[in-house]
Amino acid sequence: MAALLALATAVFLTSLTETLPAGVLPAMSEDLGVGEPAMGQSVTIYALGTALTAIPLSAVTAGLRRKRLLLATMAGFALANTVTAASPDYALTMAARFLAGVAAGLAWALLAGYARRMAPPQLQGQAIALVMTGIPVALSLGVPAGTFLGGTLGWRTAFALMTALTLALLAWIVALVPDFPGQPARERAPILRAAAVPGVAPVLLVTLVFVLAHTLLYTYIATFLDHLGMEDATDLVLLVFGAASMLSIWITGATIDRRLRALTLAATLLVAVAAALLAASSGHHPLVYVAAALWGLGWGGVPTLLQTAAADAGGKAADAAQAMLVTLWNAAMAGGGVVGGLLLDGLGAASFPWSVLGLLAPVLAMVLGARAHGFPANRPGSPG
């Protein structure tokens, strides 16, 4: 449990560092002498660093011992946040953010497989679910706390605190996380060949489209709420979303080893219903809070579900499948901001929930169609 919680803390720190600039954007912009749109690209370049390097770095490091690799990624993460906290220059800050994304991408490709190796087959889904709790905790608690700290003590203090927490995590990993060998060279296939393993491609496609749907709405949620006349309610709506996400990941962890397919279908339908309620909520503000709760309830377990499905389908190529999943996940996150911006300019904020519904239709079809491989009724090694 202590080792899994260390991995969950790594997920928390990487998730929080990725989104932290959004909460302190005006202060960073003013301090570094650039406009807010330019400073906002500090989130994009982090995702870009992850998307561009997760696959090649995972291939290069496949033979390394897992603990040594995890320590190296977290040390790189600490270095990147230290440079960000001290940087007087926009270009140096962006380079540090890219480095943080590189370290995070390699860590994300590593963590799910690491968690699986700590647990027997019948508990592997629960192990991944525990590790993935770092995501909703970062979004629901970490980002508001970081934003408050940045507003009271300065944005540099917020990033310096990230370094301090990462250094503490390094000591935790050294003391309590077990080590595992890398993959022998004779067992390694070209990393992209994992996409040809039955079931991997559907999981990757679901990841790309589902994350795109979620991100384009999440990125512009404040803009959408402003469109509804709820510009002062963003924090409360996100709090409801975060609390429901925490409940979702608990439910997922308790049942994923028996109900991965059913949970994935339920997640898709819950987010779709939430989008439909948002589309119909003009003038009915209580519906927005109901929609936020359903959205969080559907989305909270999705990272665990997709990483577990990719690892199950990948089999011996599980680490390669995870690296591709991380790449597509971050590509979808970057794409969500772009697609959302185009929708906002072309069709207005009211188009966001309808776009989510349109994207979730093929997601539902792909999950339903992947019954034999990808999203089977019974997981390999599950109790039933």
# chains A, B, ... in the order shown; residues from 1 in each chain; ligands from 1
$ residues_around --residues "stretch 44-59 of chain A" --least-positions-apart "3" --cutoff "10 Å" --atoms "only C-alpha atoms" --output "ChimeraX atom specification"
/A:17-19,39-41,62-64,94-110,188-192,319-335,337-338
$ residues_around --residues "A:Thr304" --least-positions-apart "4" --cutoff "7 Å" --atoms "only C-alpha atoms" --output "PyMOL selection string"
chain A and resi 128-129+132+308
$ closest_residue --among "A:Ala309, A:Ala272, A:Ala75, A:Leu167" --to "A:Val203" --atoms "only C-alpha atoms"
A:Ala309
$ closest_atom_pairs --of "stretch 284-355 of chain A" --to "stretch 361-370 of chain A" --cutoff "12 Å" --atoms "only C-alpha atoms" --output "JSON lines"
{"residue": "A:Leu305", "atom": "CA", "partner": "A:Val367", "partner_atom": "CA", "distance": 11.7}
{"residue": "A:Leu306", "atom": "CA", "partner": "A:Val367", "partner_atom": "CA", "distance": 10.9}
{"residue": "A:Ala309", "atom": "CA", "partner": "A:Val367", "partner_atom": "CA", "distance": 10.8}
{"residue": "A:Ala313", "atom": "CA", "partner": "A:Ala370", "partner_atom": "CA", "distance": 10.8}
{"residue": "A:Trp354", "atom": "CA", "partner": "A:Ala361", "partner_atom": "CA", "distance": 11.1}
{"residue": "A:Ser355", "atom": "CA", "partner": "A:Ala361", "partner_atom": "CA", "distance": 10.2}
$ closest_residue --among "A:Val131, A:Val197, A:Ala291, A:Ala27" --to "A:Asp312" --atoms "only C-alpha atoms"
A:Val197
$ closest_residue --among "A:Ala233, A:Leu263, A:Leu278, A:Gly76" --to "A:Ile251" --atoms "only C-alpha atoms"
A:Leu263
$ select_by_dssp --residues "stretch 36-253 of chain A" --states "alpha helix (DSSP H)" --output "VMD selection string"
chain A and resid 36 to 60 66 to 86 90 to 117 124 to 132 134 to 137 143 to 153 155 to 176 200 to 219 221 to 227 234 to 253
$ atom_distance --atom1 "atom CA of A:Gly314" --atom2 "atom CA of A:Leu169"
29.4 Å
$ residues_around --residues "A:Gly300" --least-positions-apart "2" --cutoff "9 Å" --atoms "only C-alpha atoms" --output "list in words"
Thr133, Ile135, Pro136, Phe241, Gly242, Ala244, Ser245, Met246, Leu247, Ser248, Ile249, Trp250, Thr252, Ala267, Trp295, Gly296, Leu297, Gly298, Val302, Pro303 and Thr304 of chain A
$ write_last_selection --atoms "C-alpha atoms" --output "compact mmCIF listing (two decimals), in the first residue's frame"
# COMPACT_ATOMS: atom_id res chain seq x y z
CA THR A 133 -6.47 8.69 -7.61
CA ILE A 135 -5.58 12.74 -11.03
CA PRO A 136 -8.91 13.73 -9.41
CA PHE A 241 -17.12 17.77 -10.68
CA GLY A 242 -14.06 16.96 -8.54
CA ALA A 244 -17.97 13.22 -8.13
CA SER A 245 -14.68 12.22 -9.78
CA MET A 246 -13.34 11.04 -6.43
CA LEU A 247 -16.46 8.91 -5.93
CA SER A 248 -16.09 7.58 -9.46
CA ILE A 249 -12.55 6.37 -8.97
CA TRP A 250 -13.54 4.68 -5.70
CA THR A 252 -14.00 1.95 -10.32
CA ALA A 267 -18.69 6.17 -18.06
CA TRP A 295 -19.73 14.34 -15.72
CA GLY A 296 -17.38 13.75 -12.79
CA LEU A 297 -19.02 10.41 -11.98
CA GLY A 298 -18.45 9.29 -15.55
CA VAL A 302 -11.74 6.78 -17.16
CA PRO A 303 -7.92 7.01 -16.79
CA THR A 304 -7.92 3.80 -14.76
$ closest_residue --among "A:Ile173, A:Ala119, A:Ala145, A:Val271" --to "A:Ala8" --atoms "only C-alpha atoms"
A:Ile173
$ residues_around --residues "A:Lys67" --least-positions-apart "4" --cutoff "7 Å" --atoms "only C-alpha atoms" --output "MDAnalysis selection string"
chainID A and resid 71 179:180
$ closest_residue --among "A:Gly182, A:Pro353, A:Pro202, A:Gly229" --to "A:Ala276" --atoms "only C-alpha atoms"
A:Pro353
$ closest_atom_pairs --of "stretch 224-247 of chain A" --to "stretch 205-218 of chain A" --cutoff "12 Å" --atoms "only C-alpha atoms" --output "tab-separated table"
residue	atom	partner	partner_atom	distance
A:Phe224	CA	A:Leu217	CA	8.1
A:Leu225	CA	A:Leu217	CA	10.7
A:Thr234	CA	A:Tyr218	CA	11.0
A:Val237	CA	A:Tyr218	CA	11.1
A:Leu238	CA	A:Tyr218	CA	9.3
A:Phe241	CA	A:Tyr218	CA	10.2
A:Gly242	CA	A:Tyr218	CA	11.8
$ write_last_selection --atoms "all heavy atoms" --output "PDB file, in the first residue's frame"
ATOM      1  N   PHE A 224     -18.003  28.547 -21.104  1.00  0.00           N
ATOM      2  CA  PHE A 224     -19.358  28.030 -21.270  1.00  0.00           C
ATOM      3  C   PHE A 224     -20.273  28.528 -20.158  1.00  0.00           C
ATOM      4  O   PHE A 224     -21.429  28.923 -20.408  1.00  0.00           O
ATOM      5  CB  PHE A 224     -19.330  26.499 -21.293  1.00  0.00           C
ATOM      6  CG  PHE A 224     -20.691  25.878 -21.421  1.00  0.00           C
ATOM      7  CD1 PHE A 224     -21.364  25.889 -22.637  1.00  0.00           C
ATOM      8  CD2 PHE A 224     -21.313  25.299 -20.330  1.00  0.00           C
ATOM      9  CE1 PHE A 224     -22.636  25.328 -22.760  1.00  0.00           C
ATOM     10  CE2 PHE A 224     -22.576  24.732 -20.439  1.00  0.00           C
ATOM     11  CZ  PHE A 224     -23.236  24.750 -21.660  1.00  0.00           C
ATOM     12  N   LEU A 225     -19.773  28.529 -18.919  1.00  0.00           N
ATOM     13  CA  LEU A 225     -20.589  29.008 -17.801  1.00  0.00           C
ATOM     14  C   LEU A 225     -20.883  30.497 -17.936  1.00  0.00           C
ATOM     15  O   LEU A 225     -21.970  30.964 -17.574  1.00  0.00           O
ATOM     16  CB  LEU A 225     -19.893  28.712 -16.475  1.00  0.00           C
ATOM     17  CG  LEU A 225     -19.775  27.220 -16.111  1.00  0.00           C
ATOM     18  CD1 LEU A 225     -18.945  27.033 -14.856  1.00  0.00           C
ATOM     19  CD2 LEU A 225     -21.158  26.590 -15.939  1.00  0.00           C
ATOM     20  N   THR A 234     -17.906  29.124 -11.466  1.00  0.00           N
ATOM     21  CA  THR A 234     -16.957  28.157 -12.019  1.00  0.00           C
ATOM     22  C   THR A 234     -16.326  27.299 -10.927  1.00  0.00           C
ATOM     23  O   THR A 234     -16.248  26.071 -11.047  1.00  0.00           O
ATOM     24  CB  THR A 234     -15.864  28.878 -12.821  1.00  0.00           C
ATOM     25  OG1 THR A 234     -16.475  29.637 -13.876  1.00  0.00           O
ATOM     26  CG2 THR A 234     -14.893  27.873 -13.427  1.00  0.00           C
ATOM     27  N   VAL A 237     -18.843  24.737  -9.554  1.00  0.00           N
ATOM     28  CA  VAL A 237     -19.131  23.688 -10.534  1.00  0.00           C
ATOM     29  C   VAL A 237     -17.971  22.692 -10.599  1.00  0.00           C
ATOM     30  O   VAL A 237     -18.170  21.471 -10.616  1.00  0.00           O
ATOM     31  CB  VAL A 237     -19.407  24.304 -11.924  1.00  0.00           C
ATOM     32  CG1 VAL A 237     -19.451  23.217 -13.000  1.00  0.00           C
ATOM     33  CG2 VAL A 237     -20.726  25.072 -11.914  1.00  0.00           C
ATOM     34  N   LEU A 238     -16.738  23.219 -10.605  1.00  0.00           N
ATOM     35  CA  LEU A 238     -15.577  22.337 -10.651  1.00  0.00           C
ATOM     36  C   LEU A 238     -15.411  21.550  -9.356  1.00  0.00           C
ATOM     37  O   LEU A 238     -14.906  20.416  -9.369  1.00  0.00           O
ATOM     38  CB  LEU A 238     -14.313  23.144 -10.953  1.00  0.00           C
ATOM     39  CG  LEU A 238     -14.214  23.700 -12.376  1.00  0.00           C
ATOM     40  CD1 LEU A 238     -12.943  24.517 -12.544  1.00  0.00           C
ATOM     41  CD2 LEU A 238     -14.262  22.574 -13.414  1.00  0.00           C
ATOM     42  N   PHE A 241     -17.754  18.695  -9.737  1.00  0.00           N
ATOM     43  CA  PHE A 241     -17.123  17.766 -10.682  1.00  0.00           C
ATOM     44  C   PHE A 241     -16.021  16.963  -9.987  1.00  0.00           C
ATOM     45  O   PHE A 241     -15.929  15.740 -10.139  1.00  0.00           O
ATOM     46  CB  PHE A 241     -16.551  18.557 -11.862  1.00  0.00           C
ATOM     47  CG  PHE A 241     -15.664  17.750 -12.767  1.00  0.00           C
ATOM     48  CD1 PHE A 241     -16.201  16.959 -13.764  1.00  0.00           C
ATOM     49  CD2 PHE A 241     -14.280  17.787 -12.623  1.00  0.00           C
ATOM     50  CE1 PHE A 241     -15.377  16.203 -14.601  1.00  0.00           C
ATOM     51  CE2 PHE A 241     -13.452  17.048 -13.448  1.00  0.00           C
ATOM     52  CZ  PHE A 241     -14.005  16.255 -14.441  1.00  0.00           C
ATOM     53  N   GLY A 242     -15.166  17.638  -9.215  1.00  0.00           N
ATOM     54  CA  GLY A 242     -14.061  16.961  -8.545  1.00  0.00           C
ATOM     55  C   GLY A 242     -14.519  15.968  -7.502  1.00  0.00           C
ATOM     56  O   GLY A 242     -13.979  14.849  -7.396  1.00  0.00           O
TER      57      GLY A 242
END
$ residues_around --residues "stretch 147-151 of chain A" --least-positions-apart "6" --cutoff "10 Å" --atoms "only C-alpha atoms" --output "short mmCIF file (atom, residue, chain, number, x, y, z; two decimals) with all heavy atoms, in the first residue's frame"
data_model
loop_
_atom_site.label_atom_id
_atom_site.label_comp_id
_atom_site.auth_asym_id
_atom_site.auth_seq_id
_atom_site.Cartn_x
_atom_site.Cartn_y
_atom_site.Cartn_z
N LEU A 20 -1.15 23.56 -13.30
CA LEU A 20 -0.94 24.66 -12.37
C LEU A 20 -0.84 26.04 -13.03
O LEU A 20 -1.38 27.02 -12.50
CB LEU A 20 0.32 24.40 -11.53
CG LEU A 20 0.64 25.41 -10.43
CD1 LEU A 20 -0.51 25.55 -9.45
CD2 LEU A 20 1.92 25.00 -9.69
N PRO A 21 -0.17 26.18 -14.21
CA PRO A 21 -0.10 27.51 -14.81
C PRO A 21 -1.46 28.16 -15.07
O PRO A 21 -1.57 29.39 -15.05
CB PRO A 21 0.65 27.26 -16.13
CG PRO A 21 1.49 26.08 -15.84
CD PRO A 21 0.65 25.20 -14.93
N ALA A 22 -2.49 27.33 -15.31
CA ALA A 22 -3.81 27.90 -15.57
C ALA A 22 -4.31 28.72 -14.39
O ALA A 22 -5.02 29.72 -14.57
CB ALA A 22 -4.80 26.79 -15.90
N GLY A 23 -3.93 28.34 -13.18
CA GLY A 23 -4.40 29.05 -12.00
C GLY A 23 -3.59 30.28 -11.65
O GLY A 23 -4.05 31.11 -10.86
N VAL A 24 -2.38 30.39 -12.20
CA VAL A 24 -1.51 31.55 -11.88
C VAL A 24 -1.07 32.26 -13.15
O VAL A 24 -0.06 32.96 -13.17
CB VAL A 24 -0.27 31.08 -11.07
CG1 VAL A 24 -0.69 30.58 -9.70
CG2 VAL A 24 0.50 30.00 -11.82
N LEU A 25 -1.88 32.11 -14.20
CA LEU A 25 -1.49 32.63 -15.53
C LEU A 25 -1.26 34.13 -15.54
O LEU A 25 -0.24 34.60 -16.08
CB LEU A 25 -2.56 32.23 -16.55
CG LEU A 25 -2.13 32.26 -18.01
CD1 LEU A 25 -1.02 31.26 -18.26
CD2 LEU A 25 -3.32 31.94 -18.91
N PRO A 26 -2.15 34.95 -14.98
CA PRO A 26 -1.91 36.40 -15.04
C PRO A 26 -0.59 36.82 -14.37
O PRO A 26 0.15 37.65 -14.90
CB PRO A 26 -3.12 36.99 -14.30
CG PRO A 26 -4.18 35.96 -14.43
CD PRO A 26 -3.46 34.64 -14.36
N ALA A 27 -0.29 36.22 -13.23
CA ALA A 27 0.94 36.58 -12.52
C ALA A 27 2.17 36.13 -13.30
O ALA A 27 3.17 36.88 -13.40
CB ALA A 27 0.94 35.93 -11.13
N MET A 28 2.15 34.94 -13.87
CA MET A 28 3.27 34.48 -14.69
C MET A 28 3.45 35.37 -15.91
O MET A 28 4.57 35.73 -16.27
CB MET A 28 3.04 33.03 -15.14
CG MET A 28 3.11 31.99 -14.04
SD MET A 28 2.93 30.29 -14.67
CE MET A 28 4.53 30.06 -15.50
N THR A 157 6.59 30.51 -5.75
CA THR A 157 6.51 29.68 -4.54
C THR A 157 5.73 28.40 -4.81
O THR A 157 6.08 27.32 -4.31
CB THR A 157 5.84 30.48 -3.41
OG1 THR A 157 6.61 31.66 -3.15
CG2 THR A 157 5.74 29.65 -2.14
N ALA A 158 4.68 28.51 -5.62
CA ALA A 158 3.88 27.33 -5.94
C ALA A 158 4.74 26.29 -6.66
O ALA A 158 4.68 25.08 -6.35
CB ALA A 158 2.69 27.72 -6.79
N PHE A 159 5.55 26.73 -7.62
CA PHE A 159 6.40 25.77 -8.34
C PHE A 159 7.54 25.27 -7.46
O PHE A 159 7.96 24.11 -7.57
CB PHE A 159 6.94 26.41 -9.62
CG PHE A 159 5.96 26.40 -10.75
CD1 PHE A 159 5.19 27.53 -11.03
CD2 PHE A 159 5.77 25.28 -11.52
CE1 PHE A 159 4.27 27.52 -12.07
CE2 PHE A 159 4.85 25.26 -12.56
CZ PHE A 159 4.10 26.38 -12.83
N LEU A 161 7.31 24.75 -4.32
CA LEU A 161 6.70 23.74 -3.47
C LEU A 161 6.59 22.41 -4.21
O LEU A 161 6.77 21.33 -3.61
CB LEU A 161 5.31 24.21 -3.01
CG LEU A 161 4.53 23.23 -2.13
CD1 LEU A 161 5.30 22.93 -0.85
CD2 LEU A 161 3.15 23.78 -1.80
#
$ closest_residue --among "A:Ala293, A:His373, A:Leu269, A:Thr82" --to "A:Val356" --atoms "only C-alpha atoms"
A:Leu269
$ decode --residues "stretch 241-361 of chain A" --atoms "C-alpha atoms" --output "PDB file, in the first residue's frame"
ATOM      1  CA  PHE A 241     -17.123  17.766 -10.682  1.00  0.00           C
ATOM      2  CA  GLY A 242     -14.061  16.961  -8.545  1.00  0.00           C
ATOM      3  CA  ALA A 243     -16.044  15.427  -5.699  1.00  0.00           C
ATOM      4  CA  ALA A 244     -17.970  13.225  -8.132  1.00  0.00           C
ATOM      5  CA  SER A 245     -14.679  12.223  -9.778  1.00  0.00           C
ATOM      6  CA  MET A 246     -13.341  11.043  -6.435  1.00  0.00           C
ATOM      7  CA  LEU A 247     -16.459   8.913  -5.931  1.00  0.00           C
ATOM      8  CA  SER A 248     -16.091   7.575  -9.463  1.00  0.00           C
ATOM      9  CA  ILE A 249     -12.549   6.375  -8.974  1.00  0.00           C
ATOM     10  CA  TRP A 250     -13.537   4.678  -5.703  1.00  0.00           C
ATOM     11  CA  ILE A 251     -16.345   2.808  -7.480  1.00  0.00           C
ATOM     12  CA  THR A 252     -13.996   1.947 -10.322  1.00  0.00           C
ATOM     13  CA  GLY A 253     -11.337   0.599  -7.982  1.00  0.00           C
ATOM     14  CA  ALA A 254     -13.854  -1.554  -6.145  1.00  0.00           C
ATOM     15  CA  THR A 255     -15.340  -3.175  -9.254  1.00  0.00           C
ATOM     16  CA  ILE A 256     -12.926  -2.869 -12.193  1.00  0.00           C
ATOM     17  CA  ASP A 257     -11.492  -6.366 -11.847  1.00  0.00           C
ATOM     18  CA  ARG A 258     -14.960  -7.792 -12.579  1.00  0.00           C
ATOM     19  CA  ARG A 259     -16.730  -5.063 -14.554  1.00  0.00           C
ATOM     20  CA  LEU A 260     -14.261  -3.206 -16.803  1.00  0.00           C
ATOM     21  CA  ARG A 261     -16.534  -3.331 -19.861  1.00  0.00           C
ATOM     22  CA  ALA A 262     -19.670  -2.309 -17.971  1.00  0.00           C
ATOM     23  CA  LEU A 263     -17.830   0.525 -16.240  1.00  0.00           C
ATOM     24  CA  THR A 264     -16.482   1.869 -19.540  1.00  0.00           C
ATOM     25  CA  LEU A 265     -19.941   1.815 -21.106  1.00  0.00           C
ATOM     26  CA  ALA A 266     -21.406   3.496 -18.013  1.00  0.00           C
ATOM     27  CA  ALA A 267     -18.695   6.174 -18.060  1.00  0.00           C
ATOM     28  CA  THR A 268     -19.413   6.976 -21.703  1.00  0.00           C
ATOM     29  CA  LEU A 269     -23.155   7.194 -21.127  1.00  0.00           C
ATOM     30  CA  LEU A 270     -22.818   9.317 -17.964  1.00  0.00           C
ATOM     31  CA  VAL A 271     -20.631  11.905 -19.706  1.00  0.00           C
ATOM     32  CA  ALA A 272     -23.038  11.890 -22.665  1.00  0.00           C
ATOM     33  CA  VAL A 273     -26.031  12.502 -20.379  1.00  0.00           C
ATOM     34  CA  ALA A 274     -24.087  15.294 -18.670  1.00  0.00           C
ATOM     35  CA  ALA A 275     -23.399  16.906 -22.042  1.00  0.00           C
ATOM     36  CA  ALA A 276     -27.086  16.629 -22.984  1.00  0.00           C
ATOM     37  CA  LEU A 277     -28.091  18.324 -19.721  1.00  0.00           C
ATOM     38  CA  LEU A 278     -25.585  21.119 -20.327  1.00  0.00           C
ATOM     39  CA  ALA A 279     -26.988  21.589 -23.818  1.00  0.00           C
ATOM     40  CA  ALA A 280     -30.481  21.919 -22.322  1.00  0.00           C
ATOM     41  CA  SER A 281     -29.523  23.962 -19.260  1.00  0.00           C
ATOM     42  CA  SER A 282     -29.943  27.486 -20.589  1.00  0.00           C
ATOM     43  CA  GLY A 283     -31.928  29.345 -17.922  1.00  0.00           C
ATOM     44  CA  HIS A 284     -31.930  26.275 -15.625  1.00  0.00           C
ATOM     45  CA  HIS A 285     -28.816  26.617 -13.502  1.00  0.00           C
ATOM     46  CA  PRO A 286     -29.560  23.673 -11.155  1.00  0.00           C
ATOM     47  CA  LEU A 287     -29.205  21.383 -14.177  1.00  0.00           C
ATOM     48  CA  VAL A 288     -25.604  22.540 -14.544  1.00  0.00           C
ATOM     49  CA  TYR A 289     -24.716  21.182 -11.111  1.00  0.00           C
ATOM     50  CA  VAL A 290     -26.479  17.892 -11.863  1.00  0.00           C
ATOM     51  CA  ALA A 291     -24.562  17.723 -15.134  1.00  0.00           C
ATOM     52  CA  ALA A 292     -21.257  18.460 -13.358  1.00  0.00           C
ATOM     53  CA  ALA A 293     -21.910  15.621 -10.916  1.00  0.00           C
ATOM     54  CA  LEU A 294     -22.735  13.161 -13.710  1.00  0.00           C
ATOM     55  CA  TRP A 295     -19.733  14.343 -15.717  1.00  0.00           C
ATOM     56  CA  GLY A 296     -17.380  13.751 -12.790  1.00  0.00           C
ATOM     57  CA  LEU A 297     -19.022  10.414 -11.975  1.00  0.00           C
ATOM     58  CA  GLY A 298     -18.448   9.294 -15.548  1.00  0.00           C
ATOM     59  CA  TRP A 299     -14.997  10.764 -16.112  1.00  0.00           C
ATOM     60  CA  GLY A 300     -13.230  10.091 -12.784  1.00  0.00           C
ATOM     61  CA  GLY A 301     -12.565   6.413 -13.462  1.00  0.00           C
ATOM     62  CA  VAL A 302     -11.737   6.778 -17.161  1.00  0.00           C
ATOM     63  CA  PRO A 303      -7.919   7.012 -16.793  1.00  0.00           C
ATOM     64  CA  THR A 304      -7.920   3.798 -14.757  1.00  0.00           C
ATOM     65  CA  LEU A 305     -10.305   2.035 -17.124  1.00  0.00           C
ATOM     66  CA  LEU A 306      -8.348   2.900 -20.260  1.00  0.00           C
ATOM     67  CA  GLN A 307      -4.921   2.149 -18.805  1.00  0.00           C
ATOM     68  CA  THR A 308      -6.152  -1.189 -17.474  1.00  0.00           C
ATOM     69  CA  ALA A 309      -7.786  -2.046 -20.798  1.00  0.00           C
ATOM     70  CA  ALA A 310      -4.604  -1.144 -22.712  1.00  0.00           C
ATOM     71  CA  ALA A 311      -2.417  -3.226 -20.398  1.00  0.00           C
ATOM     72  CA  ASP A 312      -4.786  -6.216 -20.546  1.00  0.00           C
ATOM     73  CA  ALA A 313      -5.013  -6.094 -24.338  1.00  0.00           C
ATOM     74  CA  GLY A 314      -1.284  -5.503 -24.765  1.00  0.00           C
ATOM     75  CA  GLY A 315      -0.215  -8.560 -22.768  1.00  0.00           C
ATOM     76  CA  LYS A 316       3.582  -8.850 -23.089  1.00  0.00           C
ATOM     77  CA  ALA A 317       3.528  -5.578 -25.041  1.00  0.00           C
ATOM     78  CA  ALA A 318       1.684  -3.796 -22.186  1.00  0.00           C
ATOM     79  CA  ASP A 319       4.398  -1.171 -21.626  1.00  0.00           C
ATOM     80  CA  ALA A 320       4.410  -0.331 -25.338  1.00  0.00           C
ATOM     81  CA  ALA A 321       0.613  -0.036 -25.323  1.00  0.00           C
ATOM     82  CA  GLN A 322       0.838   2.269 -22.295  1.00  0.00           C
ATOM     83  CA  ALA A 323       3.377   4.489 -24.071  1.00  0.00           C
ATOM     84  CA  MET A 324       1.069   4.848 -27.069  1.00  0.00           C
ATOM     85  CA  LEU A 325      -1.888   5.545 -24.783  1.00  0.00           C
ATOM     86  CA  VAL A 326       0.043   8.317 -23.024  1.00  0.00           C
ATOM     87  CA  THR A 327       1.015   9.827 -26.378  1.00  0.00           C
ATOM     88  CA  LEU A 328      -2.556   9.827 -27.699  1.00  0.00           C
ATOM     89  CA  TRP A 329      -3.919  11.068 -24.363  1.00  0.00           C
ATOM     90  CA  ASN A 330      -1.691  14.138 -24.440  1.00  0.00           C
ATOM     91  CA  ALA A 331      -2.230  14.699 -28.152  1.00  0.00           C
ATOM     92  CA  ALA A 332      -5.976  14.743 -27.414  1.00  0.00           C
ATOM     93  CA  MET A 333      -5.449  17.188 -24.553  1.00  0.00           C
ATOM     94  CA  ALA A 334      -3.517  19.542 -26.809  1.00  0.00           C
ATOM     95  CA  GLY A 335      -6.089  19.041 -29.555  1.00  0.00           C
ATOM     96  CA  GLY A 336      -8.965  19.766 -27.193  1.00  0.00           C
ATOM     97  CA  GLY A 337      -7.752  23.308 -26.665  1.00  0.00           C
ATOM     98  CA  VAL A 338      -7.383  23.855 -30.414  1.00  0.00           C
ATOM     99  CA  VAL A 339     -10.725  22.281 -31.366  1.00  0.00           C
ATOM    100  CA  GLY A 340     -12.496  24.133 -28.570  1.00  0.00           C
ATOM    101  CA  GLY A 341     -11.027  27.425 -29.740  1.00  0.00           C
ATOM    102  CA  LEU A 342     -12.219  26.793 -33.297  1.00  0.00           C
ATOM    103  CA  LEU A 343     -15.693  25.890 -32.049  1.00  0.00           C
ATOM    104  CA  LEU A 344     -15.829  29.002 -29.886  1.00  0.00           C
ATOM    105  CA  ASP A 345     -14.853  31.262 -32.793  1.00  0.00           C
ATOM    106  CA  GLY A 346     -17.077  29.558 -35.323  1.00  0.00           C
ATOM    107  CA  LEU A 347     -20.183  28.410 -33.466  1.00  0.00           C
ATOM    108  CA  GLY A 348     -19.995  29.933 -29.987  1.00  0.00           C
ATOM    109  CA  ALA A 349     -19.864  28.430 -26.504  1.00  0.00           C
ATOM    110  CA  ALA A 350     -23.249  26.741 -26.896  1.00  0.00           C
ATOM    111  CA  SER A 351     -21.632  24.284 -29.330  1.00  0.00           C
ATOM    112  CA  PHE A 352     -19.432  22.631 -26.690  1.00  0.00           C
ATOM    113  CA  PRO A 353     -21.894  20.105 -25.198  1.00  0.00           C
ATOM    114  CA  TRP A 354     -23.261  19.206 -28.628  1.00  0.00           C
ATOM    115  CA  SER A 355     -19.709  18.547 -29.842  1.00  0.00           C
ATOM    116  CA  VAL A 356     -19.095  16.300 -26.843  1.00  0.00           C
ATOM    117  CA  LEU A 357     -22.208  14.312 -27.701  1.00  0.00           C
ATOM    118  CA  GLY A 358     -21.072  13.971 -31.299  1.00  0.00           C
ATOM    119  CA  LEU A 359     -17.674  12.655 -30.241  1.00  0.00           C
ATOM    120  CA  LEU A 360     -19.046  10.217 -27.675  1.00  0.00           C
ATOM    121  CA  ALA A 361     -21.247   8.437 -30.219  1.00  0.00           C
TER     122      ALA A 361
END
